[in-house]
>>> print(open('target.cif').read())   # mmCIF, C-alpha atoms
data_protein
#
loop_
_atom_site.group_PDB
_atom_site.id
_atom_site.type_symbol
_atom_site.label_atom_id
_atom_site.label_comp_id
_atom_site.auth_asym_id
_atom_site.auth_seq_id
_atom_site.Cartn_x
_atom_site.Cartn_y
_atom_site.Cartn_z
ATOM 1 C CA MET A 578 0.000 0.000 0.000
ATOM 2 C CA ASP A 579 2.800 2.386 0.892
ATOM 3 C CA THR A 580 4.507 1.580 -2.406
ATOM 4 C CA VAL A 581 1.329 2.378 -4.366
ATOM 5 C CA LEU A 582 0.929 5.713 -2.583
ATOM 6 C CA LEU A 583 4.553 6.578 -3.273
ATOM 7 C CA LEU A 584 4.150 5.801 -6.979
ATOM 8 C CA LEU A 585 0.968 7.865 -7.175
ATOM 9 C CA SER A 586 2.757 10.765 -5.487
ATOM 10 C CA VAL A 587 5.583 10.633 -8.039
ATOM 11 C CA VAL A 588 3.130 10.501 -10.952
ATOM 12 C CA CYS A 589 1.110 13.436 -9.577
ATOM 13 C CA LEU A 590 4.283 15.425 -9.015
ATOM 14 C CA GLY A 591 5.365 14.783 -12.591
ATOM 15 C CA VAL A 592 2.008 15.925 -13.976
ATOM 16 C CA SER A 593 1.831 19.062 -11.833
ATOM 17 C CA SER A 594 5.399 20.081 -12.686
ATOM 18 C CA GLN A 595 4.876 19.859 -16.455
ATOM 19 C CA PRO A 596 3.523 23.438 -16.894
ATOM 20 C CA ILE A 597 6.497 24.765 -14.923
ATOM 21 C CA THR A 598 8.871 22.840 -17.191
ATOM 22 C CA ASP A 599 7.167 24.281 -20.273
ATOM 23 C CA SER A 600 7.312 27.798 -18.815
ATOM 24 C CA GLN A 601 10.980 27.359 -17.936
ATOM 25 C CA ARG A 602 11.715 26.348 -21.521
ATOM 26 C CA LEU A 603 9.822 29.342 -22.916
ATOM 27 C CA PHE A 604 11.506 31.655 -20.437
ATOM 28 C CA SER A 605 14.944 30.327 -21.397
ATOM 29 C CA ILE A 606 14.236 31.049 -25.067
ATOM 30 C CA ALA A 607 12.879 34.533 -24.280
ATOM 31 C CA VAL A 608 15.857 35.419 -22.074
ATOM 32 C CA SER A 609 18.242 34.198 -24.777
ATOM 33 C CA ARG A 610 16.452 36.339 -27.394
ATOM 34 C CA VAL A 611 16.562 39.508 -25.310
ATOM 35 C CA GLN A 612 20.188 38.937 -24.319
ATOM 36 C CA HIS A 613 21.042 38.833 -28.016
ATOM 37 C CA LEU A 614 19.050 42.026 -28.637
ATOM 38 C CA HIS A 615 20.778 43.746 -25.710
ATOM 39 C CA LEU A 616 24.197 42.779 -27.116
ATOM 40 C CA LEU A 617 23.205 44.132 -30.537
ATOM 41 C CA ALA A 618 21.990 47.358 -28.916
ATOM 42 C CA GLN A 619 25.270 47.744 -27.012
ATOM 43 C CA ARG A 620 27.245 47.139 -30.195
ATOM 44 C CA LEU A 621 25.231 49.657 -32.203
ATOM 45 C CA PHE A 622 25.560 52.298 -29.507
ATOM 46 C CA SER A 623 29.290 51.660 -29.081
ATOM 47 C CA ASP A 624 29.893 51.856 -32.854
ATOM 48 C CA PHE A 625 27.946 55.106 -33.064
ATOM 49 C CA GLU A 626 29.848 56.659 -30.145
ATOM 50 C CA SER A 627 33.200 55.665 -31.627
ATOM 51 C CA SER A 628 32.292 57.567 -34.794
ATOM 52 C CA LEU A 629 31.816 60.824 -32.854
ATOM 53 C CA GLN A 630 34.285 63.499 -31.902
ATOM 54 C CA THR A 631 35.087 63.833 -28.186
ATOM 55 C CA GLU A 632 33.190 67.112 -27.884
ATOM 56 C CA GLU A 633 30.185 65.654 -29.687
ATOM 57 C CA GLN A 634 30.107 62.748 -27.225
ATOM 58 C CA ARG A 635 30.304 65.110 -24.268
ATOM 59 C CA GLN A 636 27.467 67.295 -25.536
ATOM 60 C CA LEU A 637 25.240 64.340 -26.423
ATOM 61 C CA ASN A 638 25.812 62.702 -23.034
ATOM 62 C CA LYS A 639 24.872 65.970 -21.363
ATOM 63 C CA ILE A 640 21.700 66.371 -23.450
ATOM 64 C CA PHE A 641 20.593 62.778 -22.975
ATOM 65 C CA LEU A 642 20.798 63.062 -19.193
ATOM 66 C CA LEU A 643 18.193 65.840 -19.406
ATOM 67 C CA ASP A 644 16.064 64.013 -21.921
ATOM 68 C CA PHE A 645 14.111 60.776 -21.572
ATOM 69 C CA CYS A 646 12.931 57.888 -23.715
ATOM 70 C CA ASN A 647 9.406 57.624 -25.095
ATOM 71 C CA SER A 648 9.085 54.244 -23.420
ATOM 72 C CA ASP A 649 9.441 55.949 -20.028
ATOM 73 C CA TYR A 650 5.689 56.545 -20.334
ATOM 74 C CA ILE A 651 5.312 52.804 -19.732
ATOM 75 C CA VAL A 652 4.991 52.459 -15.965
ATOM 76 C CA SER A 653 7.702 50.110 -14.721
ATOM 77 C CA PRO A 654 9.590 49.349 -11.491
ATOM 78 C CA ILE A 655 11.710 52.296 -10.371
ATOM 79 C CA ASP A 656 14.512 50.205 -8.863
ATOM 80 C CA LYS A 657 15.732 46.644 -8.294
ATOM 81 C CA HIS A 658 13.758 46.301 -5.049
ATOM 82 C CA GLU A 659 10.453 47.082 -6.781
ATOM 83 C CA THR A 660 11.436 44.757 -9.622
ATOM 84 C CA GLN A 661 11.928 41.899 -7.192
ATOM 85 C CA ARG A 662 8.574 42.605 -5.524
ATOM 86 C CA SER A 663 6.688 42.673 -8.838
ATOM 87 C CA SER A 664 4.679 39.632 -9.904
ATOM 88 C CA VAL A 665 5.685 37.457 -12.841
ATOM 89 C CA LEU A 666 2.643 38.617 -14.810
ATOM 90 C CA LYS A 667 3.445 42.283 -14.192
ATOM 91 C CA LEU A 668 7.051 41.866 -15.334
ATOM 92 C CA LEU A 669 5.896 40.009 -18.445
ATOM 93 C CA SER A 670 3.276 42.632 -19.254
ATOM 94 C CA ILE A 671 5.793 45.492 -18.970
ATOM 95 C CA SER A 672 8.323 43.568 -21.062
ATOM 96 C CA HIS A 673 5.712 42.973 -23.768
ATOM 97 C CA ARG A 674 4.876 46.687 -23.910
ATOM 98 C CA LEU A 675 8.536 47.686 -24.083
ATOM 99 C CA ILE A 676 9.238 45.282 -26.939
ATOM 100 C CA GLU A 677 6.083 46.366 -28.749
ATOM 101 C CA SER A 678 7.075 50.029 -28.425
ATOM 102 C CA TRP A 679 10.197 49.321 -30.521
ATOM 103 C CA GLU A 680 8.565 47.556 -33.453
ATOM 104 C CA PHE A 681 8.340 50.764 -35.488
ATOM 105 C CA PRO A 682 11.309 52.854 -34.201
ATOM 106 C CA SER A 683 13.706 49.911 -34.652
ATOM 107 C CA ARG A 684 13.349 50.300 -38.425
ATOM 108 C CA SER A 685 15.266 53.576 -38.158
ATOM 109 C CA LEU A 686 18.229 52.304 -36.144
ATOM 110 C CA SER A 687 21.635 52.811 -37.706
ATOM 111 C CA GLY A 688 23.789 49.848 -38.706
ATOM 112 C CA GLY A 689 22.466 48.879 -42.122
ATOM 113 C CA SER A 690 19.328 47.207 -43.429
ATOM 114 C CA SER A 691 20.585 43.663 -42.740
ATOM 115 C CA LEU A 692 21.086 44.388 -39.037
ATOM 116 C CA ARG A 693 17.782 46.276 -38.807
ATOM 117 C CA ASN A 694 15.980 43.288 -40.334
ATOM 118 C CA GLN A 695 17.678 40.980 -37.846
ATOM 119 C CA ILE A 696 16.611 43.203 -34.945
ATOM 120 C CA SER A 697 13.058 43.467 -36.288
ATOM 121 C CA SER A 698 12.828 39.671 -36.580
ATOM 122 C CA ARG A 699 14.177 39.162 -33.051
ATOM 123 C CA LEU A 700 11.731 41.702 -31.625
ATOM 124 C CA SER A 701 8.818 39.953 -33.325
ATOM 125 C CA GLU A 702 9.912 36.525 -32.053
ATOM 126 C CA LEU A 703 10.398 37.870 -28.522
ATOM 127 C CA LYS A 704 7.027 39.612 -28.522
ATOM 128 C CA THR A 705 5.303 36.352 -29.525
ATOM 129 C CA GLY A 706 7.173 34.392 -26.858
ATOM 130 C CA ILE A 707 6.326 36.866 -24.105
ATOM 131 C CA LEU A 708 2.666 36.808 -25.143
ATOM 132 C CA LEU A 709 2.640 33.008 -24.751
ATOM 133 C CA LEU A 710 4.160 33.366 -21.287
ATOM 134 C CA ILE A 711 1.556 35.989 -20.331
ATOM 135 C CA ARG A 712 -1.256 33.644 -21.352
ATOM 136 C CA ALA A 713 0.330 30.823 -19.362
ATOM 137 C CA ASN A 714 0.484 33.019 -16.255
ATOM 138 C CA GLN A 715 -2.928 34.675 -16.443
ATOM 139 C CA ASP A 716 -4.273 32.644 -13.554
ATOM 140 C CA GLU A 717 -2.793 35.341 -11.317
ATOM 141 C CA ALA A 718 -5.373 37.746 -9.915
ATOM 142 C CA GLU A 719 -4.159 40.764 -11.863
ATOM 143 C CA ASN A 720 -5.568 42.543 -14.852
ATOM 144 C CA PHE A 721 -3.560 44.686 -17.233
ATOM 145 C CA PRO A 722 -4.776 46.839 -20.128
ATOM 146 C CA ASP A 723 -4.501 45.288 -23.547
ATOM 147 C CA SER A 724 -1.017 46.213 -24.736
ATOM 148 C CA GLY A 725 -2.438 46.548 -28.233
ATOM 149 C CA ALA A 726 -4.095 49.749 -27.040
ATOM 150 C CA LEU A 727 -0.707 51.251 -26.202
ATOM 151 C CA GLN A 728 0.263 53.760 -28.848
ATOM 152 C CA LEU A 729 3.503 55.611 -28.249
ATOM 153 C CA ALA A 730 4.342 58.517 -30.506
ATOM 154 C CA PRO A 731 7.476 58.209 -32.657
ATOM 155 C CA TYR A 732 10.650 59.586 -31.113
ATOM 156 C CA GLY A 733 10.004 63.335 -31.215
ATOM 157 C CA ASN A 734 10.521 64.702 -34.707
ATOM 158 C CA PHE A 735 12.944 61.910 -35.574
ATOM 159 C CA TYR A 736 11.045 61.026 -38.736
ATOM 160 C CA GLN A 737 10.907 64.594 -39.989
ATOM 161 C CA SER A 738 13.579 66.326 -42.032
ATOM 162 C CA LEU A 739 16.317 67.261 -39.574
ATOM 163 C CA GLY A 740 19.440 69.376 -39.675
ATOM 164 C CA ALA A 741 22.820 67.688 -39.239
ATOM 165 C CA ASP A 742 23.138 68.440 -35.502
ATOM 166 C CA GLU A 743 19.549 67.516 -34.719
ATOM 167 C CA SER A 744 19.822 64.298 -36.712
ATOM 168 C CA LEU A 745 22.956 63.373 -34.757
ATOM 169 C CA ARG A 746 21.168 63.952 -31.472
ATOM 170 C CA ARG A 747 18.145 61.897 -32.522
ATOM 171 C CA ASN A 748 20.294 58.989 -33.656
ATOM 172 C CA TYR A 749 22.121 59.050 -30.336
ATOM 173 C CA GLU A 750 18.831 59.217 -28.433
ATOM 174 C CA LEU A 751 17.298 56.337 -30.383
ATOM 175 C CA LEU A 752 20.303 54.052 -29.849
ATOM 176 C CA ALA A 753 20.690 54.982 -26.169
ATOM 177 C CA CYS A 754 16.992 54.354 -25.500
ATOM 178 C CA PHE A 755 17.048 51.041 -27.367
ATOM 179 C CA LYS A 756 19.997 49.867 -25.266
ATOM 180 C CA LYS A 757 18.322 51.068 -22.064
ATOM 181 C CA ASP A 758 15.018 49.295 -22.836
ATOM 182 C CA MET A 759 16.619 46.004 -23.877
ATOM 183 C CA HIS A 760 18.508 46.017 -20.578
ATOM 184 C CA LYS A 761 15.194 46.556 -18.760
ATOM 185 C CA VAL A 762 13.495 43.669 -20.548
ATOM 186 C CA GLU A 763 16.473 41.381 -19.957
ATOM 187 C CA THR A 764 16.309 42.182 -16.220
ATOM 188 C CA TYR A 765 12.531 41.685 -15.975
ATOM 189 C CA LEU A 766 12.523 38.381 -17.857
ATOM 190 C CA THR A 767 15.499 37.064 -15.894
ATOM 191 C CA VAL A 768 13.781 37.831 -12.574
ATOM 192 C CA ALA A 769 10.469 36.368 -13.778
ATOM 193 C CA LYS A 770 12.228 33.181 -14.957
ATOM 194 C CA CYS A 771 14.002 32.864 -11.621
ATOM 195 C CA ARG A 772 10.646 32.970 -9.811
ATOM 196 C CA LEU A 773 9.829 29.561 -11.277
ATOM 197 C CA SER A 774 12.743 28.067 -9.341
ATOM 198 C CA PRO A 775 11.837 28.424 -5.646
ATOM 199 C CA GLU A 776 15.316 27.310 -4.595
ATOM 200 C CA ALA A 777 17.021 29.956 -6.702
ATOM 201 C CA ASN A 778 18.342 33.253 -5.367
ATOM 202 C CA CYS A 779 16.684 35.951 -7.509
ATOM 203 C CA THR A 780 18.609 38.859 -5.959
ATOM 204 C CA LEU A 781 19.690 41.433 -8.537
#
>>> encode(input="target.cif", output="structure tokens")
Amino acid sequence: MDTVLLLLSVVCLGVSSQPITDSQRLFSIAVSRVQHLHLLAQRLFSDFESSLQTEEQRQLNKIFLLDFCNSDYIVSPIDKHETQRSSVLKLLSISHRLIESWEFPSRSLSGGSSLRNQISSRLSELKTGILLLIRANQDEAENFPDSGALQLAPYGNFYQSLGADESLRRNYELLACFKKDMHKVETYLTVAKCRLSPEANCTL
């Protein structure tokens, strides 16, 4: 009798852990995708900075500190402590909105059409993966607005005809914001993935 109960316990444990295994696999893919995007963003930003004169870099750094990214309108954790306190569903929802906000602006990133197409494809894949994870975690008692209703304006007058100096500033802003947002998404997805492993230390 004890043997039967033990076997039933193992079977039940295997069945109940299956969704977690599936989520872990999806999370691993999503984290890998965003890590690649973050590396691409860092490379693009570094290449752009290396093409600037020292004074241009200084001025652009100064301006950017006073400016902010369009995606800052998306409410997100203000620090690592709030990030760690946020639910998995909340972190996924914010990540989805951040990725979605770059679907159009990413087409104007510097680096050539081949790299832009690669980034666009990665963003689309990541958005789909995050949406699957959101659906898998919607048993949590939280409701978030449909991210499809989120419409962020393009980056200022980036898509208008700009002078040389203004165009330089907008390119810098676009690349800096892309790098910043990919770092955010990488952090959120990494923390959310860690939550599925109770034994893990999810400290940032």
>>> resolve_selection(input="target.cif", expression="the PyMOL selection byres ((chain A and resi 683-691) around 9)", output="PyMOL selection string")
chain A and resi 621+624-625+679-682+692-697+700+736+748+751-752+755
>>> residues_around(input="target.cif", residues="A:Val611", least_positions_apart="4", cutoff="12 Å", atoms="all atoms listed in the file", output="PyMOL selection string")
chain A and resi 604-607+615-618+672-673+675-676+696+698-704+706-707+755-756+758-767
>>> atom_distance(input="target.cif", atom1="atom CA of A:Arg712", atom2="atom CA of A:Asp649")
24.8 Å
>>> atom_distance(input="target.cif", atom1="atom CA of A:Arg602", atom2="atom CA of A:Ile655")
28.2 Å
>>> resolve_selection(input="target.cif", expression="the PyMOL selection byres ((chain A and resi 666-668) around 9)", output="ChimeraX atom specification")
/A:653-654,660,663-665,669-673,710-711,714-715,717,719,721,762,765-766,768-769
>>> resolve_selection(input="target.cif", expression="the PyMOL selection byres ((chain A and resi 626) around 12)", output="number ranges by chain")
A: 619-625, 627-638, 687, 745-746, 748-750, 752-753
>>> write_last_selection(input="target.cif", atoms="C-alpha atoms", output="tab-separated table (two decimals), in the frame of the given file")
chain	number	residue	atom	x	y	z
A	619	GLN	CA	25.27	47.74	-27.01
A	620	ARG	CA	27.24	47.14	-30.20
A	621	LEU	CA	25.23	49.66	-32.20
A	622	PHE	CA	25.56	52.30	-29.51
A	623	SER	CA	29.29	51.66	-29.08
A	624	ASP	CA	29.89	51.86	-32.85
A	625	PHE	CA	27.95	55.11	-33.06
A	627	SER	CA	33.20	55.66	-31.63
A	628	SER	CA	32.29	57.57	-34.79
A	629	LEU	CA	31.82	60.82	-32.85
A	630	GLN	CA	34.28	63.50	-31.90
A	631	THR	CA	35.09	63.83	-28.19
A	632	GLU	CA	33.19	67.11	-27.88
A	633	GLU	CA	30.18	65.65	-29.69
A	634	GLN	CA	30.11	62.75	-27.22
A	635	ARG	CA	30.30	65.11	-24.27
A	636	GLN	CA	27.47	67.30	-25.54
A	637	LEU	CA	25.24	64.34	-26.42
A	638	ASN	CA	25.81	62.70	-23.03
A	687	SER	CA	21.64	52.81	-37.71
A	745	LEU	CA	22.96	63.37	-34.76
A	746	ARG	CA	21.17	63.95	-31.47
A	748	ASN	CA	20.29	58.99	-33.66
A	749	TYR	CA	22.12	59.05	-30.34
A	750	GLU	CA	18.83	59.22	-28.43
A	752	LEU	CA	20.30	54.05	-29.85
A	753	ALA	CA	20.69	54.98	-26.17
>>> build_atoms(input="target.cif", residues="stretch 610-621 of chain A", atoms="all heavy atoms", output="short mmCIF file (atom, residue, chain, number, x, y, z; two decimals), keeping the file's coordinate frame")
data_model
loop_
_atom_site.label_atom_id
_atom_site.label_comp_id
_atom_site.auth_asym_id
_atom_site.auth_seq_id
_atom_site.Cartn_x
_atom_site.Cartn_y
_atom_site.Cartn_z
N ARG A 610 16.77 35.38 -26.33
CA ARG A 610 16.45 36.34 -27.39
C ARG A 610 16.77 37.77 -26.96
O ARG A 610 17.39 38.54 -27.70
CB ARG A 610 14.97 36.25 -27.76
CG ARG A 610 14.55 34.99 -28.49
CD ARG A 610 14.96 35.02 -29.96
NE ARG A 610 14.37 33.92 -30.68
CZ ARG A 610 14.88 32.71 -30.80
NH1 ARG A 610 16.03 32.45 -30.20
NH2 ARG A 610 14.28 31.77 -31.50
N VAL A 611 16.36 38.13 -25.74
CA VAL A 611 16.56 39.51 -25.31
C VAL A 611 18.03 39.78 -24.99
O VAL A 611 18.52 40.90 -25.17
CB VAL A 611 15.66 39.86 -24.11
CG1 VAL A 611 16.15 39.22 -22.82
CG2 VAL A 611 15.56 41.38 -23.94
N GLN A 612 18.75 38.76 -24.55
CA GLN A 612 20.19 38.94 -24.32
C GLN A 612 20.89 39.26 -25.64
O GLN A 612 21.79 40.11 -25.68
CB GLN A 612 20.78 37.67 -23.69
CG GLN A 612 20.45 37.51 -22.22
CD GLN A 612 20.94 36.19 -21.65
OE1 GLN A 612 21.19 35.23 -22.40
NE2 GLN A 612 21.08 36.12 -20.34
N HIS A 613 20.46 38.57 -26.70
CA HIS A 613 21.04 38.83 -28.02
C HIS A 613 20.70 40.26 -28.48
O HIS A 613 21.57 40.97 -28.99
CB HIS A 613 20.52 37.81 -29.03
CG HIS A 613 21.09 37.96 -30.40
ND1 HIS A 613 22.43 37.77 -30.68
CD2 HIS A 613 20.51 38.31 -31.58
CE1 HIS A 613 22.64 37.98 -31.96
NE2 HIS A 613 21.50 38.30 -32.54
N LEU A 614 19.45 40.67 -28.26
CA LEU A 614 19.05 42.03 -28.64
C LEU A 614 19.82 43.07 -27.84
O LEU A 614 20.23 44.10 -28.38
CB LEU A 614 17.54 42.20 -28.41
CG LEU A 614 16.63 41.63 -29.49
CD1 LEU A 614 15.18 41.58 -29.00
CD2 LEU A 614 16.72 42.46 -30.77
N HIS A 615 20.03 42.81 -26.55
CA HIS A 615 20.78 43.75 -25.71
C HIS A 615 22.22 43.87 -26.20
O HIS A 615 22.78 44.98 -26.25
CB HIS A 615 20.74 43.27 -24.25
CG HIS A 615 21.30 44.27 -23.29
ND1 HIS A 615 21.72 43.93 -22.03
CD2 HIS A 615 21.52 45.61 -23.41
CE1 HIS A 615 22.17 45.01 -21.42
NE2 HIS A 615 22.06 46.04 -22.23
N LEU A 616 22.83 42.74 -26.58
CA LEU A 616 24.20 42.78 -27.12
C LEU A 616 24.27 43.57 -28.42
O LEU A 616 25.20 44.34 -28.64
CB LEU A 616 24.71 41.35 -27.34
CG LEU A 616 25.09 40.56 -26.08
CD1 LEU A 616 25.41 39.12 -26.44
CD2 LEU A 616 26.28 41.20 -25.38
N LEU A 617 23.27 43.38 -29.29
CA LEU A 617 23.20 44.13 -30.54
C LEU A 617 23.06 45.62 -30.26
O LEU A 617 23.70 46.46 -30.90
CB LEU A 617 22.04 43.65 -31.40
CG LEU A 617 22.19 42.30 -32.10
CD1 LEU A 617 20.89 41.93 -32.83
CD2 LEU A 617 23.35 42.35 -33.10
N ALA A 618 22.21 45.96 -29.28
CA ALA A 618 21.99 47.36 -28.92
C ALA A 618 23.28 47.98 -28.38
O ALA A 618 23.61 49.12 -28.73
CB ALA A 618 20.89 47.46 -27.87
N GLN A 619 23.99 47.25 -27.55
CA GLN A 619 25.27 47.74 -27.01
C GLN A 619 26.28 47.97 -28.13
O GLN A 619 27.01 48.97 -28.14
CB GLN A 619 25.82 46.75 -25.99
CG GLN A 619 25.05 46.71 -24.68
CD GLN A 619 25.58 45.64 -23.73
OE1 GLN A 619 25.87 44.51 -24.15
NE2 GLN A 619 25.71 45.96 -22.47
N ARG A 620 26.31 47.03 -29.08
CA ARG A 620 27.24 47.14 -30.20
C ARG A 620 26.93 48.34 -31.07
O ARG A 620 27.82 49.10 -31.45
CB ARG A 620 27.21 45.86 -31.03
CG ARG A 620 28.36 45.76 -32.03
CD ARG A 620 28.24 44.50 -32.85
NE ARG A 620 27.55 44.75 -34.11
CZ ARG A 620 27.06 43.80 -34.90
NH1 ARG A 620 27.14 42.55 -34.54
NH2 ARG A 620 26.48 44.11 -36.03
N LEU A 621 25.64 48.52 -31.38
CA LEU A 621 25.23 49.66 -32.20
C LEU A 621 25.58 50.98 -31.53
O LEU A 621 26.09 51.90 -32.16
CB LEU A 621 23.72 49.59 -32.47
CG LEU A 621 23.24 48.59 -33.50
CD1 LEU A 621 21.71 48.50 -33.49
CD2 LEU A 621 23.73 48.98 -34.90
#
